[in-house]
$ cat model28.txt   # compact mmCIF, C-alpha atoms
# COMPACT_ATOMS: atom_id res chain seq x y z
CA MET A 9 2.77 -16.21 -8.26
CA PRO A 10 5.27 -16.12 -11.15
CA VAL A 11 5.32 -13.36 -13.76
CA LYS A 12 5.00 -13.84 -17.50
CA THR A 13 7.53 -12.57 -20.02
CA PHE A 14 7.20 -12.28 -23.81
CA ARG A 15 9.31 -12.67 -26.90
CA PRO A 16 10.59 -9.23 -28.02
CA LEU A 17 8.51 -9.04 -31.19
CA THR A 18 7.63 -5.40 -30.53
CA PRO A 19 9.39 -2.66 -28.55
CA SER A 20 6.83 -2.87 -25.74
CA THR A 21 7.05 -6.65 -25.31
CA ARG A 22 10.84 -6.53 -25.03
CA TYR A 23 10.74 -5.59 -21.33
CA ILE A 24 7.10 -6.03 -20.34
CA THR A 25 6.19 -8.51 -17.60
CA ILE A 26 2.72 -9.24 -16.24
CA ALA A 27 1.30 -11.33 -13.42
CA ASP A 28 -0.01 -14.73 -14.48
CA PHE A 29 -2.94 -14.46 -12.01
CA SER A 30 -2.70 -18.18 -11.26
CA ASP A 31 -3.67 -17.48 -7.64
CA ILE A 32 -7.01 -15.88 -8.61
CA THR A 33 -9.98 -18.22 -8.09
CA LYS A 34 -12.89 -15.82 -8.73
CA THR A 35 -12.96 -13.28 -11.55
CA LYS A 36 -15.94 -11.11 -10.59
CA PRO A 37 -16.19 -9.27 -7.26
CA GLU A 38 -18.91 -9.80 -4.67
CA LYS A 39 -21.67 -7.33 -5.62
CA SER A 40 -22.53 -6.48 -2.03
CA LEU A 41 -18.93 -5.49 -1.29
CA VAL A 42 -18.19 -3.05 -4.13
CA GLU A 43 -18.78 0.65 -4.69
CA ILE A 44 -18.60 2.75 -7.85
CA ARG A 45 -15.42 4.78 -8.13
CA LYS A 46 -16.08 8.19 -9.62
CA LYS A 47 -13.05 9.66 -11.35
CA THR A 48 -12.23 13.35 -11.05
CA GLY A 49 -9.42 13.81 -13.55
CA GLY A 50 -7.56 15.64 -10.77
CA ARG A 51 -10.20 18.40 -10.66
CA ASN A 52 -12.02 19.82 -7.64
CA HIS A 53 -15.70 20.79 -7.48
CA TYR A 54 -14.88 24.07 -9.28
CA GLY A 55 -13.51 22.14 -12.24
CA ARG A 56 -9.95 23.31 -11.61
CA VAL A 57 -7.01 20.94 -11.78
CA THR A 58 -5.62 20.53 -8.26
CA ALA A 59 -3.69 17.28 -8.81
CA ARG A 60 -1.64 17.02 -11.98
CA GLY A 61 -1.00 13.83 -13.91
CA ILE A 62 -4.42 12.26 -13.32
CA GLY A 63 -6.85 11.28 -16.06
CA GLY A 64 -8.22 8.48 -18.20
CA GLY A 65 -7.65 4.90 -17.18
CA HIS A 66 -9.81 1.82 -17.07
CA LYS A 67 -13.06 1.75 -15.10
CA GLN A 68 -12.58 0.42 -11.57
CA LYS A 69 -14.78 -0.45 -8.64
CA ILE A 70 -13.83 -0.01 -4.99
CA ARG A 71 -13.74 -3.20 -2.95
CA ILE A 72 -14.85 -2.65 0.66
CA VAL A 73 -12.09 -4.29 2.71
CA ASP A 74 -12.44 -5.19 6.39
CA PHE A 75 -9.36 -3.65 7.99
CA LYS A 76 -10.82 -3.71 11.52
CA ARG A 77 -11.41 -7.48 11.71
CA ASN A 78 -13.89 -6.81 14.54
CA LYS A 79 -16.03 -9.93 14.09
CA HIS A 80 -14.47 -11.68 17.07
CA GLY A 81 -15.07 -15.29 17.97
CA VAL A 82 -16.79 -16.20 14.69
CA GLU A 83 -14.98 -18.54 12.33
CA ALA A 84 -14.91 -17.81 8.60
CA THR A 85 -14.01 -19.88 5.56
CA VAL A 86 -11.95 -18.50 2.69
CA ALA A 87 -14.32 -18.72 -0.27
CA ALA A 88 -12.12 -17.15 -2.97
CA ILE A 89 -8.93 -15.24 -3.74
CA GLU A 90 -9.69 -12.17 -5.86
CA TYR A 91 -7.94 -9.39 -7.75
CA ASP A 92 -8.23 -5.78 -6.59
CA PRO A 93 -7.42 -3.12 -9.23
CA LEU A 94 -6.77 -0.46 -6.59
CA ARG A 95 -4.07 -2.24 -4.59
CA SER A 96 -1.05 -4.46 -5.15
CA ALA A 97 -2.19 -7.20 -2.75
CA ARG A 98 -4.82 -9.84 -3.44
CA LEU A 99 -8.10 -10.06 -1.51
CA ALA A 100 -9.53 -13.08 0.28
CA LEU A 101 -13.32 -13.37 0.41
CA LEU A 102 -14.44 -14.68 3.80
CA GLU A 103 -17.78 -16.37 4.46
CA TYR A 104 -18.70 -16.38 8.16
CA LYS A 105 -20.89 -19.02 9.77
CA ASP A 106 -23.74 -16.50 10.13
CA GLY A 107 -23.70 -15.90 6.36
CA GLU A 108 -21.91 -12.54 6.29
CA LYS A 109 -19.20 -11.98 3.70
CA ARG A 110 -16.16 -9.73 4.04
CA TYR A 111 -12.95 -8.99 2.15
CA ILE A 112 -9.55 -9.10 3.84
CA ILE A 113 -6.02 -8.70 2.48
CA ALA A 114 -4.83 -12.17 1.46
CA PRO A 115 -1.61 -13.23 3.23
CA VAL A 116 0.91 -15.77 1.94
CA GLY A 117 -0.33 -19.31 2.56
CA VAL A 118 -4.04 -18.56 2.78
CA THR A 119 -5.94 -20.68 0.24
CA VAL A 120 -9.57 -21.48 -0.50
CA GLY A 121 -11.17 -23.57 2.23
CA ARG A 122 -8.96 -22.34 5.08
CA ILE A 123 -10.63 -21.46 8.40
CA ILE A 124 -9.81 -17.96 9.70
CA SER A 125 -10.84 -16.15 12.88
CA SER A 126 -10.11 -13.00 14.85
CA GLY A 127 -10.13 -11.87 18.46
CA PRO A 128 -7.94 -12.17 21.57
CA THR A 129 -8.60 -15.92 21.85
CA ALA A 130 -7.86 -16.76 18.19
CA PRO A 131 -4.83 -19.02 17.62
CA PRO A 132 -1.72 -17.18 16.31
CA GLU A 133 -1.95 -18.70 12.82
CA VAL A 134 -1.56 -17.13 9.37
CA GLY A 135 -4.58 -14.99 8.48
CA ASN A 136 -5.89 -14.65 12.03
CA SER A 137 -6.16 -11.19 13.59
CA LEU A 138 -5.09 -10.75 17.23
CA PRO A 139 -4.09 -7.92 19.58
CA LEU A 140 -0.34 -7.40 19.77
CA LYS A 141 -0.30 -8.56 23.40
CA ALA A 142 -1.50 -12.02 22.26
CA ILE A 143 0.96 -12.46 19.35
CA PRO A 144 4.23 -14.36 19.97
CA VAL A 145 7.41 -12.30 19.78
CA SER A 146 9.34 -12.35 16.45
CA THR A 147 6.17 -13.14 14.47
CA ALA A 148 5.65 -11.61 11.01
CA ILE A 149 2.53 -9.43 10.95
CA HIS A 150 0.67 -7.07 8.60
CA ASN A 151 -2.49 -4.89 8.52
CA LEU A 152 -1.30 -3.17 11.67
CA GLU A 153 -3.37 -0.68 13.67
CA LEU A 154 -1.90 2.57 15.00
CA GLN A 155 -4.75 3.23 17.41
CA PRO A 156 -6.93 0.54 19.02
CA GLY A 157 -10.17 0.02 17.09
CA ARG A 158 -9.27 2.29 14.19
CA GLY A 159 -8.45 -0.50 11.75
CA GLY A 160 -5.24 -1.53 10.03
CA GLN A 161 -3.30 1.35 8.48
CA MET A 162 0.25 0.04 8.01
CA VAL A 163 1.89 -2.85 6.14
CA ARG A 164 -0.88 -3.52 3.62
CA SER A 165 0.96 -3.63 0.27
CA ALA A 166 2.07 -6.76 -1.59
CA GLY A 167 4.91 -8.66 0.05
CA GLY A 168 4.96 -6.45 3.14
CA ALA A 169 5.60 -7.77 6.63
CA ALA A 170 6.49 -6.19 9.96
CA THR A 171 8.07 -8.00 12.90
CA LEU A 172 6.96 -7.95 16.52
CA MET A 173 10.24 -7.51 18.42
CA SER A 174 9.27 -7.13 22.06
CA ARG A 175 6.67 -5.87 24.55
CA ASP A 176 7.12 -3.58 27.53
CA GLN A 177 4.90 -1.32 29.70
CA GLY A 178 1.80 -1.63 27.54
CA TYR A 179 3.62 -1.07 24.22
CA ALA A 180 4.94 -3.43 21.57
CA GLN A 181 8.07 -2.65 19.57
CA ILE A 182 7.52 -3.23 15.85
CA ARG A 183 10.10 -3.28 13.08
CA LEU A 184 8.36 -1.96 9.96
CA PRO A 185 9.32 -2.90 6.36
CA SER A 186 11.07 0.49 5.99
CA GLY A 187 13.44 -0.40 8.85
CA GLU A 188 11.78 1.99 11.27
CA ILE A 189 11.27 0.67 14.80
CA ARG A 190 8.36 2.17 16.71
CA LYS A 191 6.22 1.52 19.75
CA ILE A 192 2.53 0.70 19.28
CA ASN A 193 -0.13 0.14 21.92
CA GLU A 194 -0.33 -3.59 22.60
CA GLU A 195 -4.15 -3.39 22.41
CA CYS A 196 -3.87 -2.68 18.67
CA TYR A 197 -4.74 -5.54 16.34
CA ALA A 198 -2.55 -7.02 13.62
CA THR A 199 -2.90 -9.95 11.24
CA ILE A 200 -0.46 -12.86 11.32
CA GLY A 201 1.69 -13.48 8.24
CA GLN A 202 3.15 -11.69 5.23
CA VAL A 203 0.99 -9.96 2.63
CA GLY A 204 0.59 -12.13 -0.47
CA ASN A 205 1.40 -11.47 -4.15
CA THR A 206 5.10 -11.24 -3.28
CA GLU A 207 6.14 -11.20 -6.96
CA HIS A 208 4.46 -7.84 -7.53
CA GLU A 209 7.81 -6.03 -7.34
CA ASN A 210 9.00 -7.95 -10.42
CA ILE A 211 6.25 -6.57 -12.67
CA ILE A 212 7.54 -4.17 -15.35
CA LEU A 213 4.98 -1.99 -17.15
CA GLY A 214 7.13 -1.93 -20.30
CA LYS A 215 5.29 0.82 -22.17
CA ALA A 216 3.65 4.18 -21.58
CA GLY A 217 0.22 2.82 -22.44
CA ARG A 218 0.05 0.60 -19.37
CA THR A 219 0.68 3.65 -17.22
CA ARG A 220 -2.19 5.44 -18.97
CA HIS A 221 -4.45 2.44 -18.38
CA ARG A 222 -3.88 2.98 -14.67
CA GLY A 223 -5.07 6.58 -14.86
CA HIS A 224 -1.66 8.28 -14.81
CA ARG A 225 -1.01 10.99 -17.39
CA GLY A 226 2.56 11.99 -18.14
CA ILE A 227 3.52 15.61 -17.44
CA THR A 228 6.25 17.72 -19.01
CA ARG A 229 9.50 18.08 -17.08
CA GLY A 230 10.00 21.48 -15.50
CA MET A 231 13.49 21.64 -16.98
CA ALA A 232 11.98 21.54 -20.48
CA ARG A 233 9.66 24.52 -19.86
CA ASN A 234 10.09 28.26 -20.05
CA PRO A 235 11.09 30.32 -17.00
CA VAL A 236 7.58 31.80 -16.80
CA ASP A 237 6.08 28.33 -16.42
CA HIS A 238 8.43 26.64 -13.95
CA PRO A 239 11.27 27.53 -11.55
CA ASN A 240 13.59 25.09 -13.36
CA GLY A 241 12.71 26.33 -16.86
CA GLY A 242 14.88 28.31 -19.27
CA GLY A 243 18.65 28.51 -19.52
CA GLN A 244 21.08 28.34 -22.40
CA GLY A 245 21.23 24.84 -23.79
CA LYS A 246 20.44 21.91 -21.55
CA SER A 247 20.67 23.32 -18.03
CA LYS A 248 19.66 21.55 -14.86
CA GLY A 249 18.27 24.51 -12.98
CA GLY A 250 17.11 27.42 -15.10
CA GLY A 251 20.54 28.51 -16.29
CA GLY A 252 22.32 28.47 -12.94
CA TRP A 253 22.64 26.54 -9.72
CA GLN A 254 19.19 25.91 -8.40
CA GLN A 255 17.51 23.03 -6.59
CA LEU A 256 14.95 21.00 -8.49
CA MET A 257 11.53 22.25 -7.46
CA SER A 258 7.84 21.82 -8.09
CA PRO A 259 6.02 24.55 -10.06
CA TRP A 260 5.18 26.18 -6.71
CA GLY A 261 8.74 26.33 -5.44
CA LYS A 262 8.74 23.30 -3.14
CA VAL A 263 11.94 21.21 -3.15
CA ALA A 264 11.33 18.17 -5.34
CA LYS A 265 14.20 15.93 -4.25
CA GLY A 266 15.69 15.39 -0.82
CA GLY A 267 13.31 17.67 1.05
CA LYS A 268 12.00 16.61 4.45
CA THR A 269 8.34 15.59 4.24
CA ARG A 270 7.78 14.87 7.93
CA ALA A 271 7.10 17.70 10.35
CA LYS A 272 10.02 18.35 12.69
CA TYR A 273 7.95 18.25 15.86
CA LYS A 274 5.16 15.68 16.08
CA THR A 275 3.62 14.07 19.13
CA SER A 276 4.17 10.62 17.61
CA ASN A 277 7.96 11.21 17.52
CA ARG A 278 8.16 9.87 21.07
CA LEU A 279 6.92 6.48 19.80
CA ILE A 280 9.65 6.16 17.15
CA ILE A 281 12.77 4.47 18.51
CA VAL A 282 14.82 4.10 15.31
CA GLN A 283 14.18 6.04 12.11
CA ARG A 284 14.05 4.29 8.76
CA ASN A 285 17.54 5.65 7.98
CA GLY A 286 18.88 3.66 10.93
CA LEU A 287 19.49 6.64 13.21
CA PRO A 288 17.85 7.03 16.64
CA MET A 289 14.87 9.37 16.69
CA LYS A 290 15.48 12.89 18.05
CA ASN A 291 13.06 15.55 19.33
CA LYS A 292 11.10 13.09 21.43
$ encode --input "model28.txt" --output "structure tokens"
Amino acid sequence: MPVKTFRPLTPSTRYITIADFSDITKTKPEKSLVEIRKKTGGRNHYGRVTARGIGGGHKQKIRIVDFKRNKHGVEATVAAIEYDPLRSARLALLEYKDGEKRYIIAPVGVTVGRIISSGPTAPPEVGNSLPLKAIPVSTAIHNLELQPGRGGQMVRSAGGAATLMSRDQGYAQIRLPSGEIRKINEECYATIGQVGNTEHENIILGKAGRTRHRGHRGITRGMARNPVDHPNGGGQGKSKGGGGWQQLMSPWGKVAKGGKTRAKYKTSNRLIIVQRNGLPMKNK
């Protein structure tokens, strides 16, 4: 899927790039597989803002995606490739032989008319969902479960692909797109192939308005505020941290850059072999 560029006739079209949507074959979603998305504007049920930078945006509907792929042994035909406004990947609409329809994340190479199946006896072909114990080693996979039967939770964004490296003692070693290597129960399901819409990373919004269309509202930098409003506010002239050395923080004093976001001691640490920074995992 190539991206479209424009002649720089206006400041916004100078850098803007958009998807050409040539892979989309159906423009309206399946009515039985959508839900209304109610927007909150970042407010809770008291009407207080609890998440800043949220508001406005175009109306969107939630597509109900089948991440579990639990319809085993029943073949389905890809009826359409569709756009999903809430994710970077495309969706494939499946029509099963018994008449049921479901959405799945569309991998690279899956086109209209292709036959797809799932289950332990399904062939290891692109788009099919199998347990890790039935997938050949060094295969690219996506929509990966963390716990058997829970449904795919990892590697679901456009262009993403993990690699099955090896199997041992009931666990499979998976190299994730971040570079992390971790063990996952070999009973967990994964889908063969790489997630489609690989050119998504080349899209440039180009103007503030396109960000607003997505429901993101810009917020003032803490550095530009007064000391009473933000830990990084104030200072004589243009100061980085409120007039003296100070780490960049959120309004509530949490470190904004470089702070650890993962808890130091977690039970799942024992399943991580190599961290995404390339270092072996400690505190197992």
$ closest_residue --input "model28.txt" --among "A:Glu90, A:Glu38, A:Glu153, A:Glu43" --to "Glu108 (chain A)" --atoms "only C-alpha atoms"
A:Glu38
$ closest_residue --input "model28.txt" --among "A:Arg158, A:Arg56, A:His150, A:Lys246" --to "Leu172 (chain A)" --atoms "all atoms listed in the file"
A:His150
$ closest_residue --input "model28.txt" --among "A:Arg98, A:Arg22, A:Arg122, A:Lys109" --to "Val86 (chain A)" --atoms "all atoms listed in the file"
A:Arg122
$ atom_distance --input "model28.txt" --atom1 "CA of Ile26 (chain A)" --atom2 "CA of Lys12 (chain A)"
5.3 Å
$ residues_around --input "model28.txt" --residues "Asn151 (chain A)" --least-positions-apart "6" --cutoff "6 Å" --atoms "only C-alpha atoms" --output "list in words"
Gly160, Met162, Val163, Arg164, Ala198 and Thr199 of chain A
$ write_last_selection --input "model28.txt" --atoms "C-alpha atoms" --output "PDB file, in the coordinates of the input"
ATOM      1  CA  GLY A 160      -5.240  -1.530  10.030  1.00  0.00           C
ATOM      2  CA  MET A 162       0.250   0.040   8.010  1.00  0.00           C
ATOM      3  CA  VAL A 163       1.890  -2.850   6.140  1.00  0.00           C
ATOM      4  CA  ARG A 164      -0.880  -3.520   3.620  1.00  0.00           C
ATOM      5  CA  ALA A 198      -2.550  -7.020  13.620  1.00  0.00           C
ATOM      6  CA  THR A 199      -2.900  -9.950  11.240  1.00  0.00           C
TER       7      THR A 199
END
$ residues_near_point --input "model28.txt" --point "(-10.2, 1.1, 10.0)" --cutoff "12 Å" --atoms "only C-alpha atoms" --output "PyMOL selection string"
chain A and resi 72-78+112+151-162+196-198
$ closest_residue --input "model28.txt" --among "A:Gln254, A:Gln181, A:Ser165, A:Thr147" --to "Glu209 (chain A)" --atoms "all atoms listed in the file"
A:Ser165
$ closest_residue --input "model28.txt" --among "A:Ala264, A:Ala142, A:Ala27, A:Ala180" --to "Leu279 (chain A)" --atoms "all atoms listed in the file"
A:Ala180
$ residues_around --input "model28.txt" --residues "Lys265 (chain A)" --least-positions-apart "5" --cutoff "10 Å" --atoms "all atoms listed in the file" --output "number ranges by chain"
A: 255-258
$ residues_around --input "model28.txt" --residues "Arg45 (chain A)" --least-positions-apart "6" --cutoff "9 Å" --atoms "all atoms listed in the file" --output "JSON, numbers by chain"
{"A": [67, 68, 69, 70]}
$ closest_residue --input "model28.txt" --among "A:Pro19, A:Gly135, A:Gly267, A:Gly204" --to "Ala216 (chain A)" --atoms "all atoms listed in the file"
A:Pro19
$ atom_distance --input "model28.txt" --atom1 "CA of Lys36 (chain A)" --atom2 "CA of Tyr91 (chain A)"
8.7 Å
